[in-house]
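> Sending over work-v1.txt (compact mmCIF, C-alpha atoms).
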# COMPACT_ATOMS: atom_id res chain seq x y z
CA MET A 315 -21.17 -3.77 25.30
CA THR A 316 -20.56 -2.87 28.94
CA ASP A 317 -18.30 -0.08 30.18
CA ALA A 318 -15.76 -2.70 31.29
CA ALA A 319 -15.53 -3.83 27.69
CA LEU A 320 -14.72 -0.33 26.41
CA PRO A 321 -10.92 -0.08 26.65
CA LEU A 322 -10.86 3.27 24.83
CA GLU A 323 -13.72 4.92 26.72
CA GLY A 324 -13.11 8.66 26.91
CA LYS A 325 -10.20 8.56 24.46
CA VAL A 326 -9.74 10.39 21.18
CA ALA A 327 -8.19 8.54 18.24
CA LEU A 328 -6.89 10.15 15.05
CA VAL A 329 -6.46 7.84 12.05
CA THR A 330 -4.84 8.99 8.82
CA GLY A 331 -5.96 7.23 5.68
CA GLY A 332 -8.98 6.60 7.84
CA SER A 333 -11.83 6.62 5.35
CA ARG A 334 -11.22 3.28 3.65
CA GLY A 335 -9.43 -0.05 3.86
CA LEU A 336 -7.57 -0.83 7.07
CA GLY A 337 -8.06 2.73 8.30
CA ARG A 338 -11.82 2.44 8.08
CA GLU A 339 -11.82 -0.80 10.08
CA MET A 340 -9.66 0.75 12.78
CA VAL A 341 -11.87 3.84 13.02
CA LEU A 342 -14.95 1.67 13.50
CA ALA A 343 -13.19 -0.57 16.01
CA PHE A 344 -11.92 2.37 18.07
CA ALA A 345 -15.40 3.92 18.14
CA GLN A 346 -16.94 0.61 19.19
CA ALA A 347 -14.30 0.46 21.96
CA GLY A 348 -15.48 3.83 23.27
CA ALA A 349 -13.28 6.38 21.50
CA ASP A 350 -14.25 9.52 19.66
CA THR A 351 -12.46 9.54 16.32
CA ILE A 352 -10.86 11.92 13.85
CA ILE A 353 -11.05 10.54 10.33
CA VAL A 354 -8.39 11.95 8.01
CA SER A 355 -7.89 11.51 4.29
CA ARG A 356 -7.56 13.67 1.21
CA LYS A 357 -11.22 13.24 0.22
CA ILE A 358 -13.60 14.94 2.62
CA ASP A 359 -16.68 13.23 1.16
CA SER A 360 -15.35 9.81 2.13
CA CYS A 361 -14.46 11.04 5.61
CA GLU A 362 -17.91 12.57 6.10
CA LYS A 363 -19.64 9.39 4.97
CA LEU A 364 -17.72 7.27 7.45
CA ALA A 365 -18.18 9.84 10.23
CA ALA A 366 -21.94 9.60 9.77
CA GLU A 367 -21.73 5.80 9.89
CA VAL A 368 -19.64 5.90 13.06
CA SER A 369 -22.13 8.17 14.80
CA GLU A 370 -25.08 6.06 13.71
CA ARG A 371 -23.56 2.72 14.64
CA THR A 372 -21.77 3.63 17.87
CA GLY A 373 -23.08 6.98 19.09
CA ARG A 374 -19.52 8.30 19.30
CA ARG A 375 -18.37 11.63 17.95
CA ALA A 376 -16.48 11.46 14.66
CA LEU A 377 -14.72 14.43 13.06
CA PRO A 378 -14.00 14.23 9.31
CA VAL A 379 -10.95 16.23 8.20
CA ALA A 380 -9.46 16.54 4.72
CA CYS A 381 -5.67 16.63 4.79
CA HIS A 382 -2.90 15.44 2.50
CA VAL A 383 -0.50 14.05 5.08
CA GLY A 384 2.36 14.14 2.60
CA ASP A 385 2.16 17.94 2.73
CA TRP A 386 4.46 19.01 5.57
CA ASN A 387 2.78 22.36 6.14
CA ALA A 388 -0.81 21.08 6.00
CA GLN A 389 -0.42 19.03 9.14
CA GLU A 390 -0.32 21.97 11.53
CA ALA A 391 -3.88 22.86 10.54
CA LEU A 392 -4.94 19.22 11.01
CA VAL A 393 -3.53 19.12 14.53
CA ALA A 394 -5.03 22.51 15.38
CA ARG A 395 -8.46 21.30 14.24
CA ALA A 396 -8.19 18.11 16.28
CA TYR A 397 -7.26 19.93 19.48
CA GLU A 398 -9.82 22.65 18.90
CA GLU A 399 -12.56 20.04 18.60
CA PHE A 400 -11.53 17.58 21.31
CA GLY A 401 -8.78 19.21 23.37
CA LYS A 402 -6.56 16.16 23.09
CA VAL A 403 -5.43 13.19 21.01
CA ASP A 404 -4.83 9.97 22.94
CA VAL A 405 -4.24 7.62 20.00
CA LEU A 406 -2.60 8.44 16.68
CA VAL A 407 -2.54 5.89 13.88
CA ASN A 408 -0.21 6.76 11.00
CA ASN A 409 -1.98 4.62 8.45
CA ALA A 410 -1.98 6.75 5.27
CA GLY A 411 0.07 5.08 2.58
CA MET A 412 0.47 4.52 -1.11
CA SER A 413 2.26 2.05 -3.35
CA PRO A 414 1.78 3.05 -6.98
CA LEU A 415 2.36 0.57 -9.77
CA TYR A 416 5.23 1.07 -12.19
CA ALA A 417 6.42 -0.73 -15.29
CA ASN A 418 9.99 -1.19 -14.14
CA LEU A 419 12.52 0.37 -11.77
CA GLU A 420 14.20 2.38 -14.50
CA GLU A 421 10.97 4.23 -15.28
CA ILE A 422 10.30 5.43 -11.73
CA SER A 423 10.30 9.22 -11.80
CA GLU A 424 11.63 11.47 -9.09
CA ALA A 425 8.12 12.79 -8.59
CA LEU A 426 6.72 9.29 -7.97
CA PHE A 427 9.58 8.37 -5.65
CA ASP A 428 9.16 11.57 -3.63
CA LYS A 429 5.38 11.14 -3.43
CA VAL A 430 5.74 7.63 -2.01
CA PHE A 431 8.17 8.82 0.66
CA ASP A 432 6.10 11.92 1.44
CA VAL A 433 2.97 9.93 2.23
CA ASN A 434 4.45 6.79 3.79
CA LEU A 435 7.34 8.25 5.77
CA LYS A 436 7.57 12.03 5.91
CA GLY A 437 3.93 12.43 6.83
CA ALA A 438 4.21 10.03 9.75
CA PHE A 439 7.36 11.78 10.95
CA ARG A 440 5.76 15.21 10.83
CA LEU A 441 2.48 14.25 12.47
CA THR A 442 4.24 12.35 15.25
CA THR A 443 6.49 15.28 16.08
CA LEU A 444 3.45 17.57 16.25
CA ILE A 445 1.30 15.31 18.42
CA ALA A 446 3.68 13.22 20.56
CA PRO A 447 4.98 16.18 22.63
CA ARG A 448 1.39 17.19 23.38
CA MET A 449 0.58 13.63 24.37
CA ALA A 450 3.59 13.56 26.69
CA ALA A 451 2.64 16.88 28.30
CA ALA A 452 -0.91 15.61 28.86
CA GLY A 453 0.25 12.45 30.60
CA GLY A 454 0.61 9.94 27.78
CA GLY A 455 -0.76 8.35 24.67
CA SER A 456 -0.23 5.67 22.06
CA ILE A 457 0.99 6.01 18.48
CA VAL A 458 0.59 3.13 16.04
CA ASN A 459 2.41 3.14 12.71
CA ILE A 460 1.10 0.91 9.95
CA SER A 461 4.14 -0.61 8.29
CA SER A 462 4.36 -3.45 5.80
CA ILE A 463 5.98 -6.83 5.42
CA ALA A 464 7.59 -5.28 2.34
CA SER A 465 9.88 -3.43 4.75
CA GLU A 466 11.60 -6.74 5.48
CA ARG A 467 10.76 -8.71 2.33
CA PRO A 468 10.86 -6.27 -0.58
CA THR A 469 10.32 -7.21 -4.20
CA PRO A 470 11.27 -5.34 -7.38
CA ASP A 471 7.59 -4.37 -7.70
CA ASP A 472 7.46 -2.30 -4.50
CA LEU A 473 10.94 -0.97 -3.77
CA PRO A 474 10.17 2.72 -3.06
CA TYR A 475 7.24 1.69 -0.87
CA ALA A 476 9.31 -0.98 0.90
CA ALA A 477 12.13 1.48 1.57
CA ALA A 478 9.70 4.04 2.99
CA LYS A 479 8.12 1.44 5.27
CA ALA A 480 11.55 0.28 6.42
CA GLY A 481 12.16 3.89 7.37
CA LEU A 482 8.87 3.88 9.27
CA ASN A 483 10.11 0.88 11.28
CA ILE A 484 13.19 2.87 12.25
CA LEU A 485 11.08 5.89 13.19
CA THR A 486 8.96 3.64 15.40
CA LYS A 487 11.96 2.51 17.41
CA GLY A 488 13.55 5.96 17.54
CA PHE A 489 10.35 7.76 18.50
CA ALA A 490 9.71 5.21 21.26
CA GLN A 491 12.98 6.34 22.82
CA ALA A 492 12.37 10.02 22.17
CA TYR A 493 8.88 10.27 23.64
CA GLY A 494 8.89 7.60 26.34
CA PRO A 495 8.01 6.87 29.04
CA ASN A 496 4.59 8.50 28.74
CA VAL A 497 4.05 7.98 25.00
CA ARG A 498 4.21 4.48 23.58
CA ILE A 499 5.02 4.10 19.89
CA ASN A 500 4.65 0.79 18.07
CA ALA A 501 4.06 -0.50 14.55
CA ILE A 502 1.93 -3.13 12.87
CA MET A 503 3.81 -4.78 10.02
CA ALA A 504 0.92 -5.69 7.77
CA GLY A 505 0.92 -8.43 5.21
CA PRO A 506 -1.38 -8.69 2.17
CA PHE A 507 -4.92 -7.52 2.95
CA LEU A 508 -7.93 -7.57 0.65
CA THR A 509 -8.72 -3.87 0.75
CA ASP A 510 -9.91 -1.74 -2.16
CA ILE A 511 -6.29 -1.41 -3.24
CA SER A 512 -6.17 -5.15 -3.87
CA LYS A 513 -8.64 -4.69 -6.72
CA ALA A 514 -5.65 -3.76 -8.88
CA TRP A 515 -3.92 -7.07 -8.12
CA ASP A 516 -3.87 -10.07 -10.43
CA MET A 517 -5.87 -12.28 -8.06
CA ASP A 518 -4.82 -15.52 -9.76
CA VAL A 519 -1.19 -14.66 -9.07
CA VAL A 520 -2.00 -13.49 -5.55
CA ALA A 521 -3.99 -16.62 -4.72
CA ASP A 522 -1.09 -18.78 -5.84
CA LYS A 523 1.37 -16.80 -3.67
CA MET A 524 -0.95 -16.89 -0.68
CA LYS A 525 -0.95 -20.69 -0.71
CA ALA A 526 2.65 -20.54 0.46
CA LEU A 527 1.73 -18.64 3.63
CA PRO A 528 1.18 -20.65 6.81
CA LEU A 529 -2.41 -19.35 6.90
CA GLY A 530 -2.81 -19.88 3.16
CA ARG A 531 -4.66 -16.65 2.32
CA ALA A 532 -4.65 -12.87 2.33
CA GLY A 533 -6.17 -11.04 5.27
CA ASN A 534 -9.60 -9.47 5.51
CA PRO A 535 -9.49 -5.78 6.54
CA ASP A 536 -11.19 -6.37 9.89
CA GLU A 537 -8.37 -8.75 10.86
CA ILE A 538 -6.14 -5.74 11.57
CA VAL A 539 -8.44 -4.71 14.40
CA GLY A 540 -7.15 -6.99 17.17
CA ALA A 541 -3.58 -5.75 16.85
CA ALA A 542 -4.66 -2.13 16.54
CA LEU A 543 -6.84 -2.26 19.67
CA TYR A 544 -4.07 -3.99 21.58
CA LEU A 545 -1.44 -1.39 20.72
CA ALA A 546 -3.81 1.55 21.14
CA GLY A 547 -5.22 0.42 24.47
CA PRO A 548 -4.13 -0.30 28.03
CA GLY A 549 -3.38 -3.96 27.34
CA SER A 550 -0.06 -2.96 25.75
CA SER A 551 1.05 -0.69 28.62
CA TYR A 552 4.51 -2.32 28.71
CA THR A 553 4.99 -2.41 24.95
CA SER A 554 6.86 0.30 23.04
CA GLY A 555 9.19 0.29 20.06
CA ALA A 556 7.70 -3.03 18.94
CA ILE A 557 6.95 -4.04 15.36
CA LEU A 558 4.12 -6.56 15.38
CA PRO A 559 3.65 -8.72 12.25
CA VAL A 560 0.08 -9.29 11.13
CA ASP A 561 0.91 -11.04 7.90
CA GLY A 562 -0.58 -14.51 7.69
CA GLY A 563 2.70 -15.98 8.90
CA ARG A 564 4.97 -14.61 6.19
CA THR A 565 7.63 -13.59 8.69
CA ALA A 566 7.82 -17.24 9.71
CA MET A 567 8.86 -18.25 6.21
CA ARG A 568 12.42 -18.40 4.96
With the file now loaded, output its structure as structure tokens.

Amino acid sequence: MTDAALPLEGKVALVTGGSRGLGREMVLAFAQAGADTIIVSRKIDSCEKLAAEVSERTGRRALPVACHVGDWNAQEALVARAYEEFGKVDVLVNNAGMSPLYANLEEISEALFDKVFDVNLKGAFRLTTLIAPRMAAAGGGSIVNISSIASERPTPDDLPYAAAKAGLNILTKGFAQAYGPNVRINAIMAGPFLTDISKAWDMDVVADKMKALPLGRAGNPDEIVGAALYLAGPGSSYTSGAILPVDGGRTAMR
């Protein structure tokens, strides 16, 4: 790959929930596009394993950091570590998320509800407010929030998650106003992807539902990469406050 084909050359990208699933694919893609990466998740072993893979495959620096992004106070240490190591963050991807299963709506506990909002919404709010002002002071940056089609098409099986992701859509638009013009903030509204989380799905039911999509299937994790690179890189220089569906065409359906 030539230098001209490295849109993130010299950049530093921090990805929460970065050790697996969509986060892992984005970390690898950013590194292949020239960025050094900060891989964040609760499990340091998984972060370290991916960091070693990034270095081996791309030659880029990769910093593994354990952090529970749903913990408001833990994020200051995360940001301090990132800036101590690299001196800057050019790209932030708020990807960490969770959507726990529950038997029915009436059995959802306050603890489960709060945990879903902490990870999917509060964490993204806190990390953005810690990093976006630094990005702005340094001349700019890009923040990408990973939302979900559930934010617009909720079902009874994912209501707390859907509500949190709807909130993330609102944060995306509000933050774009708050931190522009130097910092661009956008979201990817992801549809069903076959990550490790999908192992808990009833695949017969899923396959039947996917037939109704215009593309007729769920996404493979690496199919998030094109949108992520676009929003993180210079190609989206006139895009902010946007919510980009990557959902197999579900938003086109009635």
> Give me, as a list of chain:residue names, all polymer residues having an atom no more than 6 Å from A:Val458, counting all atoms listed in the file and skipping those fewer than 6 positions away in the same chain.
A:Val407, A:Ile499, A:Asn500, A:Ala501
> May I have the protein, DNA and RNA residues with an atom at most 12 Å from (5.6, -6.7, 19.0), counting all atoms listed in the file in the file's coordinates, returned as JSON, numbers by chain?
{"A": [458, 483, 486, 487, 499, 500, 501, 502, 503, 541, 542, 544, 545, 550, 552, 553, 554, 555, 556, 557, 558, 559, 560]}
> Compare A:Thr565, A:Thr330, A:Ser462, A:Ser360 by their minimum atom-to-atom distance to A:Val433, counting all atoms listed in the file, and give me the closest one.
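Going through A:Thr565, A:Thr330, A:Ser462, A:Ser360 one by one, the smallest distance to A:Val433 is for A:Thr330.
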> From the set A:Ile484, A:Ile460, A:Val539, A:Ala391, which residue has the shortest atom-to-atom contact distance to A:Val341, counting all atoms listed in the file?
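The shortest atom-to-atom distance to A:Val341 comes from A:Val539.
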> Taking all atoms listed in the file into account, which of A:Ala477, A:Cys361, A:Leu441, A:Val405 comes nearest A:Ala376?
A:Cys361
> Identify, on the basis of only C-alpha atoms, every residue whose closest approach to A:Gly384 does not exceed 8 Å; exclude the query and any residue fewer than 3 positions from it along the same chain; express the result as a list in words.
Lys429, Asp432, Val433, Asn434, Lys436 and Gly437 of chain A
> To one decimal place in Å, what is the distance between atom CA of A:Met449 and atom CA of A:Pro378?
21.0 Å
> How many Å separate atom CA of A:Gly563 from atom CA of A:Ala476?
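Computed distance, atom CA of A:Gly563 to atom CA of A:Ala476, equals 18.2 Å.
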> My list of candidates is A:Gly549, A:Gly494, A:Gly505, A:Gly331. Which is closest to A:Ala532 when distances are computed with only C-alpha atoms?
A:Gly505
> Nearest to A:Glu421 among A:Asp561, A:Asp471, A:Leu377, A:Gly337, with distances taken over all atoms listed in the file: which residue is it?
A:Asp471
> If I take atom CA of A:Gly453 and atom CA of A:Asn496, how far is one from the other in Å, to one decimal?
6.2 Å
> Of the candidates A:Pro528, A:Val383, A:Asn418, A:Ala464, which shows the shortest atom-to-atom distance to A:Lys357, using all atoms listed in the file?
A:Val383
> Could you list, with a cut-off of 9 Å and counting only C-alpha atoms, the residues of stretch 318-379 of chain A near stretch 394-399 of chain A, each shown with its nearest atom pair and the distance in Å rounded to one decimal, rows sorted by chain and ascending number, as a tab-separated table?

residue	atom	partner	partner_atom	distance
A:Leu328	CA	A:Ala396	CA	8.2
A:Ile352	CA	A:Ala396	CA	7.2
A:Leu377	CA	A:Ala396	CA	8.2
A:Val379	CA	A:Arg395	CA	8.3
> Hey, what's within 9 Å of A:Pro495 if we count only C-alpha atoms and toss same-chain stuff fewer than 4 positions away? As a list in words, please?
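In the requested format, the answer is Ala450, Gly454, Ala490, Gln491 and Ser554 of chain A.
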> Could you give me, as a list in words, the residues that have an atom at most 9 Å away from the point (11.8, 4.0, 2.7) in the coordinates of the file, using only C-alpha atoms?
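It turns out the residues near that spot are Val430, Phe431, Asn434, Leu435, Ser465, Leu473, Pro474, Tyr475, Ala476, Ala477, Ala478, Lys479, Ala480, Gly481 and Leu482 of chain A.
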> Starting from the incomplete input, reconstruct N, CA and C atoms of stretch 333-364 of chain A and write that as a PDB file, in the frame of the given file.

ATOM      1  N   SER A 333     -10.503   6.733   5.949  1.00  0.00           N
ATOM      2  CA  SER A 333     -11.830   6.620   5.350  1.00  0.00           C
ATOM      3  C   SER A 333     -12.072   5.316   4.608  1.00  0.00           C
ATOM      4  N   ARG A 334     -11.036   4.515   4.403  1.00  0.00           N
ATOM      5  CA  ARG A 334     -11.220   3.280   3.650  1.00  0.00           C
ATOM      6  C   ARG A 334     -10.195   2.234   4.097  1.00  0.00           C
ATOM      7  N   GLY A 335     -10.385   1.026   3.620  1.00  0.00           N
ATOM      8  CA  GLY A 335      -9.430  -0.050   3.860  1.00  0.00           C
ATOM      9  C   GLY A 335      -9.179  -0.316   5.339  1.00  0.00           C
ATOM     10  N   LEU A 336      -7.928  -0.536   5.679  1.00  0.00           N
ATOM     11  CA  LEU A 336      -7.570  -0.830   7.070  1.00  0.00           C
ATOM     12  C   LEU A 336      -7.908   0.327   7.983  1.00  0.00           C
ATOM     13  N   GLY A 337      -7.748   1.561   7.487  1.00  0.00           N
ATOM     14  CA  GLY A 337      -8.060   2.730   8.300  1.00  0.00           C
ATOM     15  C   GLY A 337      -9.511   2.762   8.714  1.00  0.00           C
ATOM     16  N   ARG A 338     -10.388   2.476   7.786  1.00  0.00           N
ATOM     17  CA  ARG A 338     -11.820   2.440   8.080  1.00  0.00           C
ATOM     18  C   ARG A 338     -12.134   1.421   9.180  1.00  0.00           C
ATOM     19  N   GLU A 339     -11.552   0.237   9.082  1.00  0.00           N
ATOM     20  CA  GLU A 339     -11.820  -0.800  10.080  1.00  0.00           C
ATOM     21  C   GLU A 339     -11.317  -0.380  11.452  1.00  0.00           C
ATOM     22  N   MET A 340     -10.179   0.302  11.495  1.00  0.00           N
ATOM     23  CA  MET A 340      -9.660   0.750  12.780  1.00  0.00           C
ATOM     24  C   MET A 340     -10.508   1.855  13.374  1.00  0.00           C
ATOM     25  N   VAL A 341     -10.968   2.789  12.532  1.00  0.00           N
ATOM     26  CA  VAL A 341     -11.870   3.840  13.020  1.00  0.00           C
ATOM     27  C   VAL A 341     -13.107   3.225  13.656  1.00  0.00           C
ATOM     28  N   LEU A 342     -13.737   2.303  12.969  1.00  0.00           N
ATOM     29  CA  LEU A 342     -14.950   1.670  13.500  1.00  0.00           C
ATOM     30  C   LEU A 342     -14.656   0.905  14.788  1.00  0.00           C
ATOM     31  N   ALA A 343     -13.541   0.207  14.824  1.00  0.00           N
ATOM     32  CA  ALA A 343     -13.190  -0.570  16.010  1.00  0.00           C
ATOM     33  C   ALA A 343     -12.917   0.340  17.201  1.00  0.00           C
ATOM     34  N   PHE A 344     -12.210   1.438  16.977  1.00  0.00           N
ATOM     35  CA  PHE A 344     -11.920   2.370  18.070  1.00  0.00           C
ATOM     36  C   PHE A 344     -13.213   2.978  18.605  1.00  0.00           C
ATOM     37  N   ALA A 345     -14.122   3.347  17.705  1.00  0.00           N
ATOM     38  CA  ALA A 345     -15.400   3.920  18.140  1.00  0.00           C
ATOM     39  C   ALA A 345     -16.201   2.901  18.936  1.00  0.00           C
ATOM     40  N   GLN A 346     -16.223   1.666  18.474  1.00  0.00           N
ATOM     41  CA  GLN A 346     -16.940   0.610  19.190  1.00  0.00           C
ATOM     42  C   GLN A 346     -16.306   0.327  20.546  1.00  0.00           C
ATOM     43  N   ALA A 347     -15.008   0.640  20.686  1.00  0.00           N
ATOM     44  CA  ALA A 347     -14.300   0.460  21.960  1.00  0.00           C
ATOM     45  C   ALA A 347     -14.419   1.681  22.852  1.00  0.00           C
ATOM     46  N   GLY A 348     -15.190   2.687  22.413  1.00  0.00           N
ATOM     47  CA  GLY A 348     -15.480   3.830  23.270  1.00  0.00           C
ATOM     48  C   GLY A 348     -14.827   5.142  22.902  1.00  0.00           C
ATOM     49  N   ALA A 349     -14.017   5.164  21.852  1.00  0.00           N
ATOM     50  CA  ALA A 349     -13.280   6.380  21.500  1.00  0.00           C
ATOM     51  C   ALA A 349     -14.069   7.283  20.566  1.00  0.00           C
ATOM     52  N   ASP A 350     -13.882   8.588  20.715  1.00  0.00           N
ATOM     53  CA  ASP A 350     -14.250   9.520  19.660  1.00  0.00           C
ATOM     54  C   ASP A 350     -13.127   9.480  18.630  1.00  0.00           C
ATOM     55  N   THR A 351     -13.455   9.730  17.375  1.00  0.00           N
ATOM     56  CA  THR A 351     -12.460   9.540  16.320  1.00  0.00           C
ATOM     57  C   THR A 351     -12.327  10.765  15.424  1.00  0.00           C
ATOM     58  N   ILE A 352     -11.151  10.905  14.868  1.00  0.00           N
ATOM     59  CA  ILE A 352     -10.860  11.920  13.850  1.00  0.00           C
ATOM     60  C   ILE A 352     -10.447  11.163  12.602  1.00  0.00           C
ATOM     61  N   ILE A 353     -11.243  11.298  11.555  1.00  0.00           N
ATOM     62  CA  ILE A 353     -11.050  10.540  10.330  1.00  0.00           C
ATOM     63  C   ILE A 353     -10.379  11.443   9.299  1.00  0.00           C
ATOM     64  N   VAL A 354      -9.187  11.082   8.877  1.00  0.00           N
ATOM     65  CA  VAL A 354      -8.390  11.950   8.010  1.00  0.00           C
ATOM     66  C   VAL A 354      -8.084  11.253   6.697  1.00  0.00           C
ATOM     67  N   SER A 355      -8.352  11.938   5.610  1.00  0.00           N
ATOM     68  CA  SER A 355      -7.890  11.510   4.290  1.00  0.00           C
ATOM     69  C   SER A 355      -7.967  12.718   3.373  1.00  0.00           C
ATOM     70  N   ARG A 356      -7.535  12.542   2.145  1.00  0.00           N
ATOM     71  CA  ARG A 356      -7.560  13.670   1.210  1.00  0.00           C
ATOM     72  C   ARG A 356      -8.975  14.007   0.753  1.00  0.00           C
ATOM     73  N   LYS A 357      -9.874  13.044   0.763  1.00  0.00           N
ATOM     74  CA  LYS A 357     -11.220  13.240   0.220  1.00  0.00           C
ATOM     75  C   LYS A 357     -12.220  13.412   1.359  1.00  0.00           C
ATOM     76  N   ILE A 358     -12.710  14.632   1.516  1.00  0.00           N
ATOM     77  CA  ILE A 358     -13.600  14.940   2.620  1.00  0.00           C
ATOM     78  C   ILE A 358     -14.919  14.184   2.522  1.00  0.00           C
ATOM     79  N   ASP A 359     -15.405  13.941   1.313  1.00  0.00           N
ATOM     80  CA  ASP A 359     -16.680  13.230   1.160  1.00  0.00           C
ATOM     81  C   ASP A 359     -16.608  11.848   1.797  1.00  0.00           C
ATOM     82  N   SER A 360     -15.505  11.146   1.559  1.00  0.00           N
ATOM     83  CA  SER A 360     -15.350   9.810   2.130  1.00  0.00           C
ATOM     84  C   SER A 360     -15.260   9.866   3.650  1.00  0.00           C
ATOM     85  N   CYS A 361     -14.574  10.881   4.164  1.00  0.00           N
ATOM     86  CA  CYS A 361     -14.460  11.040   5.610  1.00  0.00           C
ATOM     87  C   CYS A 361     -15.825  11.334   6.227  1.00  0.00           C
ATOM     88  N   GLU A 362     -16.588  12.204   5.587  1.00  0.00           N
ATOM     89  CA  GLU A 362     -17.910  12.570   6.100  1.00  0.00           C
ATOM     90  C   GLU A 362     -18.854  11.370   6.100  1.00  0.00           C
ATOM     91  N   LYS A 363     -18.771  10.576   5.058  1.00  0.00           N
ATOM     92  CA  LYS A 363     -19.640   9.390   4.970  1.00  0.00           C
ATOM     93  C   LYS A 363     -19.346   8.425   6.105  1.00  0.00           C
ATOM     94  N   LEU A 364     -18.067   8.184   6.373  1.00  0.00           N
ATOM     95  CA  LEU A 364     -17.720   7.270   7.450  1.00  0.00           C
ATOM     96  C   LEU A 364     -18.053   7.880   8.809  1.00  0.00           C
TER      97      LEU A 364
END
